[in-house]
$ cat target_12.txt   # compact mmCIF, C-alpha atoms (C1' of nucleotides)
# COMPACT_ATOMS: atom_id res chain seq x y z
CA MET A 150 0.00 0.00 0.00
CA ASN A 151 2.75 2.35 -0.75
CA SER A 152 2.51 3.94 -4.14
CA ALA A 153 5.12 6.48 -3.08
CA GLU A 154 8.83 6.42 -3.32
CA LYS A 155 11.41 3.98 -2.17
CA LEU A 156 14.39 5.89 -3.42
CA PRO A 157 15.93 8.46 -1.07
CA HIS A 158 15.27 12.16 -1.51
CA PRO A 159 17.15 14.84 0.44
CA GLU A 160 15.19 17.01 2.85
CA ARG A 161 14.54 20.59 1.90
CA GLU A 162 17.01 21.95 4.43
CA ASP A 163 19.72 19.66 3.14
CA LEU A 164 19.66 20.93 -0.42
CA GLU A 165 23.01 22.41 -1.40
CA LEU A 166 23.40 25.11 -3.98
CA THR A 167 26.53 23.68 -5.57
CA GLU A 168 24.88 20.27 -5.98
CA VAL A 169 21.81 21.79 -7.57
CA LEU A 170 23.95 23.81 -9.96
CA GLN A 171 26.00 20.77 -10.81
CA ALA A 172 22.87 18.73 -11.53
CA LEU A 173 21.54 21.48 -13.80
CA SER A 174 24.82 22.04 -15.62
CA ASP A 175 24.13 19.16 -17.97
CA PRO A 176 22.12 20.02 -21.12
CA THR A 177 20.07 16.83 -21.02
CA ARG A 178 19.15 17.25 -17.39
CA LEU A 179 18.41 20.92 -17.86
CA ALA A 180 16.11 20.06 -20.77
CA LEU A 181 14.36 17.51 -18.61
CA VAL A 182 13.80 20.05 -15.86
CA ARG A 183 12.43 22.49 -18.41
CA GLU A 184 10.00 19.81 -19.48
CA LEU A 185 8.89 19.29 -15.91
CA GLU A 186 8.17 22.97 -15.56
CA ALA A 187 4.79 22.34 -17.17
CA GLY A 188 3.93 19.71 -14.60
CA PRO A 189 4.80 16.16 -13.50
CA LEU A 190 5.64 13.65 -16.16
CA ASP A 191 6.21 9.94 -16.28
CA MET A 192 9.81 9.11 -17.04
CA VAL A 193 8.84 7.18 -20.11
CA ASP A 194 7.14 10.27 -21.52
CA CYS A 195 10.07 12.64 -21.07
CA SER A 196 11.31 13.49 -24.51
CA ALA A 197 14.45 15.09 -23.08
CA LEU A 198 15.70 11.65 -22.08
CA GLY A 199 15.48 10.49 -25.66
CA PRO A 200 13.99 7.16 -26.69
CA ASP A 201 17.34 6.05 -28.07
CA THR A 202 19.14 6.53 -24.80
CA PRO A 203 19.63 3.28 -22.91
CA LYS A 204 17.54 2.72 -19.81
CA SER A 205 20.52 2.73 -17.50
CA THR A 206 21.65 6.11 -18.76
CA ARG A 207 18.19 7.62 -18.36
CA SER A 208 17.99 6.18 -14.89
CA HIS A 209 21.32 7.75 -14.06
CA GLN A 210 20.31 11.24 -15.22
CA VAL A 211 17.16 11.08 -13.14
CA LYS A 212 19.13 9.86 -10.17
CA VAL A 213 21.46 12.86 -10.27
CA LEU A 214 18.52 15.26 -10.30
CA ARG A 215 16.80 13.35 -7.50
CA GLU A 216 19.88 13.23 -5.30
CA ALA A 217 20.48 16.93 -5.77
CA GLY A 218 16.90 17.51 -4.64
CA VAL A 219 15.73 18.98 -7.92
CA ILE A 220 13.01 16.44 -8.60
CA ILE A 221 10.90 13.86 -6.83
CA SER A 222 10.79 10.44 -8.40
CA GLU A 223 7.90 8.36 -7.18
CA LEU A 224 6.34 5.11 -8.18
CA HIS A 225 3.14 5.56 -10.13
CA GLY A 226 1.72 2.39 -11.43
CA ARG A 227 4.45 0.68 -13.31
CA ASN A 228 5.97 4.01 -14.22
CA ARG A 229 8.05 6.50 -12.35
CA ARG A 230 6.55 9.93 -12.09
CA LEU A 231 8.89 12.90 -11.98
CA THR A 232 7.97 16.15 -10.28
CA LEU A 233 9.95 19.35 -10.01
CA ARG A 234 10.51 20.30 -6.36
CA ARG A 235 9.42 23.86 -6.94
CA ASP A 236 8.48 24.73 -3.40
CA ASP A 237 11.58 23.29 -1.81
CA LEU A 238 13.85 24.93 -4.36
CA ASN A 239 12.11 28.27 -4.01
CA ALA A 240 12.27 28.10 -0.24
CA ARG A 241 15.94 27.29 -0.22
CA PHE A 242 17.12 29.31 -3.25
CA PRO A 243 14.55 32.00 -3.98
CA GLY A 244 14.39 33.03 -7.60
CA LEU A 245 16.93 30.49 -8.79
CA MET A 246 14.65 28.18 -10.73
CA ALA A 247 12.67 31.08 -12.15
CA ALA A 248 15.88 32.58 -13.49
CA ILE A 249 17.08 29.29 -14.91
CA LEU A 250 13.77 28.23 -16.42
CA SER A 251 13.04 31.60 -17.96
CA SER A 252 16.44 31.96 -19.56
CA ALA A 253 16.78 31.39 -23.26
CA GLU A 254 17.01 27.88 -24.61
CA GLU A 255 20.55 26.81 -25.46
CA ALA A 256 21.99 25.60 -28.71
CA GLY A 257 18.67 25.39 -30.48
CA MET B 97 50.86 49.94 -23.94
CA ASN B 98 48.18 47.46 -23.31
CA SER B 99 47.10 47.25 -19.72
CA ALA B 100 44.05 45.24 -20.71
CA GLU B 101 43.60 41.56 -21.17
CA LYS B 102 45.34 39.14 -23.41
CA LEU B 103 43.37 36.10 -22.37
CA PRO B 104 40.20 35.34 -24.32
CA HIS B 105 36.80 36.17 -22.90
CA PRO B 106 33.55 35.00 -24.51
CA GLU B 107 31.18 37.62 -25.89
CA ARG B 108 28.00 38.31 -24.02
CA GLU B 109 25.83 36.60 -26.60
CA ASP B 110 27.97 33.49 -26.48
CA LEU B 111 27.51 32.84 -22.78
CA GLU B 112 25.89 29.48 -22.19
CA LEU B 113 23.76 28.71 -19.20
CA THR B 114 25.10 25.21 -18.67
CA GLU B 115 28.69 26.45 -18.71
CA VAL B 116 27.93 29.17 -16.23
CA LEU B 117 26.19 26.71 -13.94
CA GLN B 118 29.08 24.30 -14.25
CA ALA B 119 31.58 27.01 -13.38
CA LEU B 120 29.57 27.99 -10.32
CA SER B 121 28.99 24.45 -9.14
CA ASP B 122 32.36 24.35 -7.43
CA PRO B 123 32.45 25.65 -3.82
CA THR B 124 35.78 27.41 -4.24
CA ARG B 125 34.73 29.17 -7.41
CA LEU B 126 31.37 30.07 -5.95
CA ALA B 127 33.10 31.56 -2.92
CA LEU B 128 35.34 33.57 -5.21
CA VAL B 129 32.37 34.93 -7.11
CA ARG B 130 30.71 35.86 -3.83
CA GLU B 131 33.85 37.76 -2.94
CA LEU B 132 33.74 39.61 -6.23
CA GLU B 133 30.17 40.68 -5.54
CA ALA B 134 31.58 43.53 -3.47
CA GLY B 135 33.68 44.75 -6.37
CA PRO B 136 36.77 43.90 -8.43
CA LEU B 137 39.65 42.28 -6.66
CA ASP B 138 43.21 41.42 -7.52
CA MET B 139 43.73 37.70 -7.75
CA VAL B 140 46.39 37.78 -5.08
CA ASP B 141 43.92 39.32 -2.66
CA CYS B 142 41.13 36.78 -3.16
CA SER B 143 40.86 34.86 0.09
CA ALA B 144 38.63 32.27 -1.55
CA LEU B 145 41.57 31.01 -3.55
CA GLY B 146 43.50 30.29 -0.39
CA PRO B 147 47.12 31.25 0.13
CA ASP B 148 48.09 27.59 0.49
CA THR B 149 46.69 26.66 -2.90
CA PRO B 150 49.39 26.36 -5.57
CA LYS B 151 49.51 29.06 -8.21
CA SER B 152 48.64 26.68 -11.01
CA THR B 153 45.49 25.59 -9.21
CA ARG B 154 44.40 29.16 -8.55
CA SER B 155 45.07 30.02 -12.15
CA HIS B 156 42.94 27.10 -13.25
CA GLN B 157 39.95 28.09 -11.12
CA VAL B 158 40.07 31.60 -12.48
CA LYS B 159 40.35 30.27 -16.00
CA VAL B 160 37.17 28.22 -15.67
CA LEU B 161 35.24 31.26 -14.49
CA ARG B 162 36.71 33.40 -17.23
CA GLU B 163 35.98 30.91 -20.00
CA ALA B 164 32.42 30.51 -18.81
CA GLY B 165 32.05 34.28 -19.00
CA VAL B 166 31.47 34.78 -15.30
CA ILE B 167 34.42 37.08 -14.70
CA ILE B 168 36.81 39.33 -16.55
CA SER B 169 40.47 38.81 -15.82
CA GLU B 170 42.60 41.73 -16.89
CA LEU B 171 46.17 42.74 -16.37
CA HIS B 172 46.57 45.42 -13.75
CA GLY B 173 50.11 46.25 -12.97
CA ARG B 174 51.79 43.01 -12.15
CA ASN B 175 48.56 41.60 -10.82
CA ARG B 176 45.47 40.25 -12.44
CA ARG B 177 42.29 42.05 -11.59
CA LEU B 178 39.10 40.02 -11.46
CA THR B 179 35.71 41.56 -12.11
CA LEU B 180 32.29 39.94 -12.02
CA ARG B 181 30.53 40.28 -15.39
CA ARG B 182 27.33 41.48 -13.78
CA ASP B 183 25.87 43.29 -16.76
CA ASP B 184 26.54 40.54 -19.24
CA LEU B 185 25.21 37.89 -16.91
CA ASN B 186 22.12 39.91 -16.12
CA ALA B 187 21.47 40.60 -19.75
CA ARG B 188 21.78 36.99 -20.72
CA PHE B 189 20.32 35.29 -17.63
CA PRO B 190 18.19 37.82 -15.78
CA GLY B 191 17.97 37.20 -12.06
CA LEU B 192 20.37 34.30 -12.05
CA MET B 193 23.30 35.88 -10.27
CA ALA B 194 21.04 37.70 -7.84
CA ALA B 195 19.46 34.39 -6.88
CA ILE B 196 22.79 32.64 -6.54
CA LEU B 197 24.55 35.40 -4.68
CA SER B 198 21.70 36.02 -2.27
CA SER B 199 21.24 32.39 -1.41
CA ALA B 200 22.48 31.17 1.94
CA GLU B 201 26.14 30.37 2.38
CA GLU B 202 26.90 26.68 2.22
CA ALA B 203 28.57 24.49 4.77
CA GLY B 204 29.44 27.35 7.04
C1' DC C 266 70.18 45.23 -16.27
C1' DC C 267 68.87 42.09 -12.38
C1' DA C 268 65.91 40.25 -9.02
C1' DA C 269 61.36 39.65 -7.12
C1' DT C 270 56.48 39.17 -7.76
C1' DA C 271 52.29 37.46 -9.93
C1' DG C 272 50.60 34.67 -12.98
C1' DT C 273 50.28 31.39 -17.29
C1' DT C 274 51.05 27.14 -19.60
C1' DC C 275 52.26 22.42 -20.09
C1' DA C 276 52.28 17.67 -18.99
C1' DA C 277 51.43 14.02 -15.90
C1' DC C 278 48.52 12.23 -12.64
C1' DT C 279 44.23 11.63 -9.89
C1' DA C 280 39.49 11.76 -9.26
C1' DT C 281 35.05 12.31 -10.45
C1' DT C 282 31.22 11.62 -13.96
C1' DA C 283 29.03 9.65 -17.77
C1' DT C 284 27.76 5.74 -20.70
C1' DC C 285 25.91 1.41 -21.36
C1' DG C 286 25.17 -3.83 -21.33
C1' DA C 287 23.47 -7.34 -18.43
C1' DA C 288 21.04 -9.03 -14.70
C1' DC C 289 17.52 -8.15 -11.66
C1' DC C 290 12.84 -6.28 -9.53
C1' DA C 291 8.01 -4.52 -9.25
C1' DT C 292 3.65 -3.60 -11.26
C1' DG C 293 -0.38 -4.31 -14.14
C1' DA C 294 -2.66 -6.91 -17.60
C1' DA C 295 -4.17 -11.17 -19.69
C1' DT D 175 0.55 -17.08 -12.49
C1' DT D 176 2.80 -15.69 -16.26
C1' DC D 177 4.38 -12.21 -19.22
C1' DA D 178 5.53 -7.61 -20.87
C1' DT D 179 6.76 -3.12 -19.40
C1' DG D 180 9.47 0.30 -17.04
C1' DG D 181 12.77 0.87 -14.24
C1' DT D 182 16.97 0.02 -10.85
C1' DT D 183 21.54 -1.66 -9.81
C1' DC D 184 26.08 -3.28 -10.78
C1' DG D 185 30.43 -3.37 -12.98
C1' DA D 186 33.39 -2.08 -16.59
C1' DT D 187 35.14 1.45 -19.49
C1' DA D 188 35.40 6.03 -21.44
C1' DA D 189 35.45 10.78 -20.96
C1' DT D 190 35.89 14.92 -18.43
C1' DA D 191 37.53 17.77 -14.71
C1' DG D 192 40.73 19.02 -10.90
C1' DT D 193 45.56 19.22 -8.82
C1' DT D 194 50.07 20.12 -9.02
C1' DG D 195 55.29 20.90 -10.06
C1' DA D 196 58.25 22.88 -13.24
C1' DA D 197 59.42 25.95 -16.70
C1' DC D 198 58.30 30.20 -18.75
C1' DT D 199 56.39 35.34 -19.27
C1' DA D 200 55.49 40.05 -18.00
C1' DT D 201 55.77 43.82 -14.97
C1' DT D 202 57.75 46.72 -11.21
C1' DG D 203 61.48 48.21 -8.26
C1' DG D 204 66.29 48.86 -7.27
$ encode --input "target_12.txt" --output "structure tokens"
Amino acid sequence: MNSAEKLPHPEREDLELTEVLQALSDPTRLALVRELEAGPLDMVDCSALGPDTPKSTRSHQVKVLREAGVIISELHGRNRRLTLRRDDLNARFPGLMAAILSSAEEAG
Amino acid sequence: MNSAEKLPHPEREDLELTEVLQALSDPTRLALVRELEAGPLDMVDCSALGPDTPKSTRSHQVKVLREAGVIISELHGRNRRLTLRRDDLNARFPGLMAAILSSAEEAG
DNA sequence: CCAATAGTTCAACTATTATCGAACCATGAA
DNA sequence: TTCATGGTTCGATAATAGTTGAACTATTGG
């Protein structure tokens, strides 16, 4: 009876700026976060992760974002649903995500 | 007769978000940038770079910030003067530096 | 000109990250 | 219960990033 997580997520107060920046400094992960701006998405539906990318690689990218506290990754049926941790990020680093998400798309 | 640079700096329009984030994702470099918030500083006077740190290491850290477009590094007498590229960063990524610089100090 | 200071560059080394196949695990559907 | 789906984990390897000593450059002061 636990449709929630299983994988560890850092507490809000444990989020570290340098780790968040590091997690977001990768184009693929940044694109994924931009996708999540619109709302939660199942991992399998994230186009940023690319359908060609092997499962293990996708899993790794998501893990980095989760461990940095940028997203929540919870079990949802047989999928994994990804949610941007807006509130936690805004509480800890006010304005950061707004600035990052609103900035121009790279290398389009 | 050239008291200015010599080392290459990227143009404002070439600054890339992921590179900036990467450059700032290191605690030492972030601390240096925080120090530069108050105004330009000669490299030798930057406490963030630590007096124990070898010259080559300090030079490397500064290089990463320069190449990402976060700072300007110009010759100033026999020193190198570091300046935060506030205007360029604000133009390209509005609110980003404000959010980063105002966020709580890490691991204090 | 000579020495000292401040820094760059290079090359070697270390360490951290990323990529990906293979094996495994949980859920939902038939 | 069995199978397909969607993912995790592990281990190996590749790629990238950081650290540092040594040699070199540029500037100031004597």
$ closest_atom_pairs --input "target_12.txt" --of "chain D" --to "segment 274-287 of chain C" --cutoff "10 Å" --atoms "all atoms listed in the file" --output "JSON lines"
{"residue": "D:DC184", "atom": "C1'", "partner": "C:DA287", "partner_atom": "C1'", "distance": 9.0}
{"residue": "D:DG185", "atom": "C1'", "partner": "C:DA287", "partner_atom": "C1'", "distance": 9.7}
{"residue": "D:DA186", "atom": "C1'", "partner": "C:DC285", "partner_atom": "C1'", "distance": 9.5}
{"residue": "D:DT187", "atom": "C1'", "partner": "C:DT284", "partner_atom": "C1'", "distance": 8.6}
{"residue": "D:DA188", "atom": "C1'", "partner": "C:DT284", "partner_atom": "C1'", "distance": 7.7}
{"residue": "D:DA189", "atom": "C1'", "partner": "C:DA283", "partner_atom": "C1'", "distance": 7.3}
{"residue": "D:DT190", "atom": "C1'", "partner": "C:DT282", "partner_atom": "C1'", "distance": 7.3}
{"residue": "D:DA191", "atom": "C1'", "partner": "C:DT281", "partner_atom": "C1'", "distance": 7.4}
{"residue": "D:DG192", "atom": "C1'", "partner": "C:DA280", "partner_atom": "C1'", "distance": 7.5}
{"residue": "D:DT193", "atom": "C1'", "partner": "C:DT279", "partner_atom": "C1'", "distance": 7.8}
{"residue": "D:DT194", "atom": "C1'", "partner": "C:DC278", "partner_atom": "C1'", "distance": 8.8}
{"residue": "D:DG195", "atom": "C1'", "partner": "C:DA277", "partner_atom": "C1'", "distance": 9.8}
{"residue": "D:DA196", "atom": "C1'", "partner": "C:DC275", "partner_atom": "C1'", "distance": 9.1}
{"residue": "D:DA197", "atom": "C1'", "partner": "C:DC275", "partner_atom": "C1'", "distance": 8.7}
{"residue": "D:DC198", "atom": "C1'", "partner": "C:DT274", "partner_atom": "C1'", "distance": 7.9}
{"residue": "D:DT199", "atom": "C1'", "partner": "C:DT274", "partner_atom": "C1'", "distance": 9.8}
$ write_last_selection --input "target_12.txt" --atoms "C-alpha atoms (C1' of nucleotides)" --output "short mmCIF file (atom, residue, chain, number, x, y, z; two decimals), in the frame of the given file"
data_model
loop_
_atom_site.label_atom_id
_atom_site.label_comp_id
_atom_site.auth_asym_id
_atom_site.auth_seq_id
_atom_site.Cartn_x
_atom_site.Cartn_y
_atom_site.Cartn_z
"C1'" DC D 184 26.08 -3.28 -10.78
"C1'" DG D 185 30.43 -3.37 -12.98
"C1'" DA D 186 33.39 -2.08 -16.59
"C1'" DT D 187 35.14 1.45 -19.49
"C1'" DA D 188 35.40 6.03 -21.44
"C1'" DA D 189 35.45 10.78 -20.96
"C1'" DT D 190 35.89 14.92 -18.43
"C1'" DA D 191 37.53 17.77 -14.71
"C1'" DG D 192 40.73 19.02 -10.90
"C1'" DT D 193 45.56 19.22 -8.82
"C1'" DT D 194 50.07 20.12 -9.02
"C1'" DG D 195 55.29 20.90 -10.06
"C1'" DA D 196 58.25 22.88 -13.24
"C1'" DA D 197 59.42 25.95 -16.70
"C1'" DC D 198 58.30 30.20 -18.75
"C1'" DT D 199 56.39 35.34 -19.27
#
$ closest_atom_pairs --input "target_12.txt" --of "chain A" --to "chain D" --cutoff "10 Å" --atoms "only C-alpha atoms (C1' of nucleotides)" --output "Markdown table"
| residue | atom | partner | partner_atom | distance |
| --- | --- | --- | --- | --- |
| A:Leu156 | CA | D:DT182 | C1' | 9.8 |
| A:Met192 | CA | D:DG180 | C1' | 8.8 |
| A:Val193 | CA | D:DG180 | C1' | 7.6 |
| A:Lys204 | CA | D:DG181 | C1' | 7.6 |
| A:Ser205 | CA | D:DT182 | C1' | 8.0 |
| A:Arg207 | CA | D:DG181 | C1' | 9.6 |
| A:Ser208 | CA | D:DT182 | C1' | 7.4 |
| A:His209 | CA | D:DT182 | C1' | 9.4 |
| A:Leu224 | CA | D:DG181 | C1' | 9.8 |
| A:Gly226 | CA | D:DG180 | C1' | 9.8 |
| A:Arg227 | CA | D:DG180 | C1' | 6.3 |
| A:Asn228 | CA | D:DG180 | C1' | 5.8 |
| A:Arg229 | CA | D:DG181 | C1' | 7.6 |
$ calpha_fit_and_write --input "target_12.txt" --fixed "chain B" --moving "chain A" --output "PDB file with C-alpha atoms, in the frame of the given file"
ATOM      1  CA  MET A 150      50.264  50.338 -24.031  1.00  0.00           C
ATOM      2  CA  ASN A 151      47.789  47.685 -23.335  1.00  0.00           C
ATOM      3  CA  SER A 152      46.988  47.270 -19.693  1.00  0.00           C
ATOM      4  CA  ALA A 153      43.968  45.182 -20.645  1.00  0.00           C
ATOM      5  CA  GLU A 154      43.598  41.523 -21.190  1.00  0.00           C
ATOM      6  CA  LYS A 155      45.391  39.088 -23.379  1.00  0.00           C
ATOM      7  CA  LEU A 156      43.417  36.063 -22.357  1.00  0.00           C
ATOM      8  CA  PRO A 157      40.236  35.310 -24.309  1.00  0.00           C
ATOM      9  CA  HIS A 158      36.826  36.144 -22.896  1.00  0.00           C
ATOM     10  CA  PRO A 159      33.579  34.979 -24.513  1.00  0.00           C
ATOM     11  CA  GLU A 160      31.223  37.604 -25.899  1.00  0.00           C
ATOM     12  CA  ARG A 161      28.035  38.302 -24.030  1.00  0.00           C
ATOM     13  CA  GLU A 162      25.870  36.592 -26.626  1.00  0.00           C
ATOM     14  CA  ASP A 163      28.011  33.485 -26.486  1.00  0.00           C
ATOM     15  CA  LEU A 164      27.532  32.831 -22.794  1.00  0.00           C
ATOM     16  CA  GLU A 165      25.871  29.475 -22.204  1.00  0.00           C
ATOM     17  CA  LEU A 166      23.743  28.722 -19.203  1.00  0.00           C
ATOM     18  CA  THR A 167      25.059  25.208 -18.665  1.00  0.00           C
ATOM     19  CA  GLU A 168      28.662  26.444 -18.729  1.00  0.00           C
ATOM     20  CA  VAL A 169      27.917  29.181 -16.236  1.00  0.00           C
ATOM     21  CA  LEU A 170      26.183  26.719 -13.932  1.00  0.00           C
ATOM     22  CA  GLN A 171      29.044  24.294 -14.250  1.00  0.00           C
ATOM     23  CA  ALA A 172      31.575  27.004 -13.398  1.00  0.00           C
ATOM     24  CA  LEU A 173      29.555  27.995 -10.329  1.00  0.00           C
ATOM     25  CA  SER A 174      28.971  24.441  -9.140  1.00  0.00           C
ATOM     26  CA  ASP A 175      32.343  24.345  -7.433  1.00  0.00           C
ATOM     27  CA  PRO A 176      32.427  25.644  -3.827  1.00  0.00           C
ATOM     28  CA  THR A 177      35.762  27.402  -4.243  1.00  0.00           C
ATOM     29  CA  ARG A 178      34.714  29.157  -7.409  1.00  0.00           C
ATOM     30  CA  LEU A 179      31.350  30.060  -5.958  1.00  0.00           C
ATOM     31  CA  ALA A 180      33.089  31.559  -2.920  1.00  0.00           C
ATOM     32  CA  LEU A 181      35.334  33.547  -5.208  1.00  0.00           C
ATOM     33  CA  VAL A 182      32.369  34.921  -7.118  1.00  0.00           C
ATOM     34  CA  ARG A 183      30.713  35.862  -3.845  1.00  0.00           C
ATOM     35  CA  GLU A 184      33.848  37.762  -2.953  1.00  0.00           C
ATOM     36  CA  LEU A 185      33.748  39.613  -6.241  1.00  0.00           C
ATOM     37  CA  GLU A 186      30.200  40.685  -5.572  1.00  0.00           C
ATOM     38  CA  ALA A 187      31.583  43.547  -3.495  1.00  0.00           C
ATOM     39  CA  GLY A 188      33.706  44.759  -6.374  1.00  0.00           C
ATOM     40  CA  PRO A 189      36.805  43.883  -8.423  1.00  0.00           C
ATOM     41  CA  LEU A 190      39.686  42.261  -6.649  1.00  0.00           C
ATOM     42  CA  ASP A 191      43.234  41.385  -7.513  1.00  0.00           C
ATOM     43  CA  MET A 192      43.734  37.652  -7.720  1.00  0.00           C
ATOM     44  CA  VAL A 193      46.372  37.739  -5.051  1.00  0.00           C
ATOM     45  CA  ASP A 194      43.891  39.312  -2.645  1.00  0.00           C
ATOM     46  CA  CYS A 195      41.122  36.760  -3.122  1.00  0.00           C
ATOM     47  CA  SER A 196      40.858  34.839   0.093  1.00  0.00           C
ATOM     48  CA  ALA A 197      38.603  32.246  -1.538  1.00  0.00           C
ATOM     49  CA  LEU A 198      41.568  30.988  -3.544  1.00  0.00           C
ATOM     50  CA  GLY A 199      43.469  30.292  -0.365  1.00  0.00           C
ATOM     51  CA  PRO A 200      47.105  31.237   0.146  1.00  0.00           C
ATOM     52  CA  ASP A 201      48.038  27.583   0.514  1.00  0.00           C
ATOM     53  CA  THR A 202      46.657  26.621  -2.852  1.00  0.00           C
ATOM     54  CA  PRO A 203      49.349  26.319  -5.504  1.00  0.00           C
ATOM     55  CA  LYS A 204      49.513  29.010  -8.154  1.00  0.00           C
ATOM     56  CA  SER A 205      48.636  26.647 -10.958  1.00  0.00           C
ATOM     57  CA  THR A 206      45.478  25.532  -9.206  1.00  0.00           C
ATOM     58  CA  ARG A 207      44.376  29.101  -8.527  1.00  0.00           C
ATOM     59  CA  SER A 208      45.072  29.973 -12.120  1.00  0.00           C
ATOM     60  CA  HIS A 209      42.947  27.056 -13.227  1.00  0.00           C
ATOM     61  CA  GLN A 210      39.937  28.049 -11.106  1.00  0.00           C
ATOM     62  CA  VAL A 211      40.062  31.568 -12.476  1.00  0.00           C
ATOM     63  CA  LYS A 212      40.370  30.238 -15.987  1.00  0.00           C
ATOM     64  CA  VAL A 213      37.183  28.193 -15.672  1.00  0.00           C
ATOM     65  CA  LEU A 214      35.241  31.230 -14.484  1.00  0.00           C
ATOM     66  CA  ARG A 215      36.729  33.386 -17.238  1.00  0.00           C
ATOM     67  CA  GLU A 216      35.988  30.890 -19.988  1.00  0.00           C
ATOM     68  CA  ALA A 217      32.423  30.495 -18.804  1.00  0.00           C
ATOM     69  CA  GLY A 218      32.085  34.273 -19.011  1.00  0.00           C
ATOM     70  CA  VAL A 219      31.497  34.777 -15.311  1.00  0.00           C
ATOM     71  CA  ILE A 220      34.451  37.058 -14.698  1.00  0.00           C
ATOM     72  CA  ILE A 221      36.854  39.305 -16.548  1.00  0.00           C
ATOM     73  CA  SER A 222      40.512  38.780 -15.827  1.00  0.00           C
ATOM     74  CA  GLU A 223      42.645  41.698 -16.879  1.00  0.00           C
ATOM     75  CA  LEU A 224      46.205  42.724 -16.364  1.00  0.00           C
ATOM     76  CA  HIS A 225      46.589  45.420 -13.750  1.00  0.00           C
ATOM     77  CA  GLY A 226      50.117  46.248 -12.960  1.00  0.00           C
ATOM     78  CA  ARG A 227      51.816  43.034 -12.128  1.00  0.00           C
ATOM     79  CA  ASN A 228      48.583  41.616 -10.801  1.00  0.00           C
ATOM     80  CA  ARG A 229      45.510  40.223 -12.426  1.00  0.00           C
ATOM     81  CA  ARG A 230      42.324  42.011 -11.569  1.00  0.00           C
ATOM     82  CA  LEU A 231      39.120  40.002 -11.463  1.00  0.00           C
ATOM     83  CA  THR A 232      35.733  41.542 -12.136  1.00  0.00           C
ATOM     84  CA  LEU A 233      32.319  39.937 -12.054  1.00  0.00           C
ATOM     85  CA  ARG A 234      30.563  40.303 -15.419  1.00  0.00           C
ATOM     86  CA  ARG A 235      27.374  41.512 -13.817  1.00  0.00           C
ATOM     87  CA  ASP A 236      25.911  43.301 -16.788  1.00  0.00           C
ATOM     88  CA  ASP A 237      26.575  40.542 -19.269  1.00  0.00           C
ATOM     89  CA  LEU A 238      25.227  37.887 -16.928  1.00  0.00           C
ATOM     90  CA  ASN A 239      22.140  39.922 -16.129  1.00  0.00           C
ATOM     91  CA  ALA A 240      21.495  40.614 -19.786  1.00  0.00           C
ATOM     92  CA  ARG A 241      21.804  36.993 -20.745  1.00  0.00           C
ATOM     93  CA  PHE A 242      20.327  35.317 -17.636  1.00  0.00           C
ATOM     94  CA  PRO A 243      18.203  37.858 -15.790  1.00  0.00           C
ATOM     95  CA  GLY A 244      17.983  37.268 -12.076  1.00  0.00           C
ATOM     96  CA  LEU A 245      20.367  34.330 -12.055  1.00  0.00           C
ATOM     97  CA  MET A 246      23.305  35.915 -10.280  1.00  0.00           C
ATOM     98  CA  ALA A 247      21.046  37.743  -7.851  1.00  0.00           C
ATOM     99  CA  ALA A 248      19.459  34.441  -6.885  1.00  0.00           C
ATOM    100  CA  ILE A 249      22.791  32.691  -6.545  1.00  0.00           C
ATOM    101  CA  LEU A 250      24.560  35.473  -4.678  1.00  0.00           C
ATOM    102  CA  SER A 251      21.710  36.098  -2.281  1.00  0.00           C
ATOM    103  CA  SER A 252      21.258  32.462  -1.373  1.00  0.00           C
ATOM    104  CA  ALA A 253      22.540  31.242   1.943  1.00  0.00           C
ATOM    105  CA  GLU A 254      26.195  30.431   2.364  1.00  0.00           C
ATOM    106  CA  GLU A 255      26.955  26.717   2.199  1.00  0.00           C
ATOM    107  CA  ALA A 256      28.622  24.481   4.713  1.00  0.00           C
ATOM    108  CA  GLY A 257      29.623  27.281   7.027  1.00  0.00           C
TER     109      GLY A 257
END
$ residues_around --input "target_12.txt" --residues "Ala217 of chain A" --least-positions-apart "6" --cutoff "8 Å" --atoms "all atoms listed in the file" --output "list in words"
Pro159, Leu164, Glu165, Glu168, Val169 and Ala172 of chain A
$ closest_atom_pairs --input "target_12.txt" --of "chain A" --to "chain B" --cutoff "9 Å" --atoms "only C-alpha atoms" --output "Markdown table"
| residue | atom | partner | partner_atom | distance |
| --- | --- | --- | --- | --- |
| A:Glu165 | CA | B:Glu202 | CA | 6.8 |
| A:Leu166 | CA | B:Glu202 | CA | 7.3 |
| A:Thr167 | CA | B:Ser121 | CA | 4.4 |
| A:Glu168 | CA | B:Ser121 | CA | 6.7 |
| A:Val169 | CA | B:Ser121 | CA | 7.8 |
| A:Leu170 | CA | B:Ser121 | CA | 5.1 |
| A:Gln171 | CA | B:Ser121 | CA | 5.0 |
| A:Ala172 | CA | B:Ser121 | CA | 8.7 |
| A:Leu173 | CA | B:Leu117 | CA | 7.0 |
| A:Ser174 | CA | B:Thr114 | CA | 4.4 |
| A:Asp175 | CA | B:Thr114 | CA | 6.2 |
| A:Pro176 | CA | B:Thr114 | CA | 6.5 |
| A:Leu179 | CA | B:Thr114 | CA | 8.0 |
| A:Arg241 | CA | B:Ser199 | CA | 7.5 |
| A:Phe242 | CA | B:Ser199 | CA | 5.5 |
| A:Pro243 | CA | B:Ala195 | CA | 6.2 |
| A:Gly244 | CA | B:Ala195 | CA | 5.3 |
| A:Leu245 | CA | B:Ala195 | CA | 5.0 |
| A:Met246 | CA | B:Leu192 | CA | 8.5 |
| A:Ala247 | CA | B:Gly191 | CA | 8.1 |
| A:Ala248 | CA | B:Leu192 | CA | 5.0 |
| A:Ile249 | CA | B:Leu192 | CA | 6.6 |
| A:Ser251 | CA | B:Phe189 | CA | 8.2 |
| A:Ser252 | CA | B:Phe189 | CA | 5.5 |
| A:Ala253 | CA | B:Phe189 | CA | 7.7 |
| A:Glu254 | CA | B:Leu113 | CA | 8.7 |
| A:Glu255 | CA | B:Glu112 | CA | 6.8 |
| A:Ala256 | CA | B:Glu112 | CA | 8.5 |
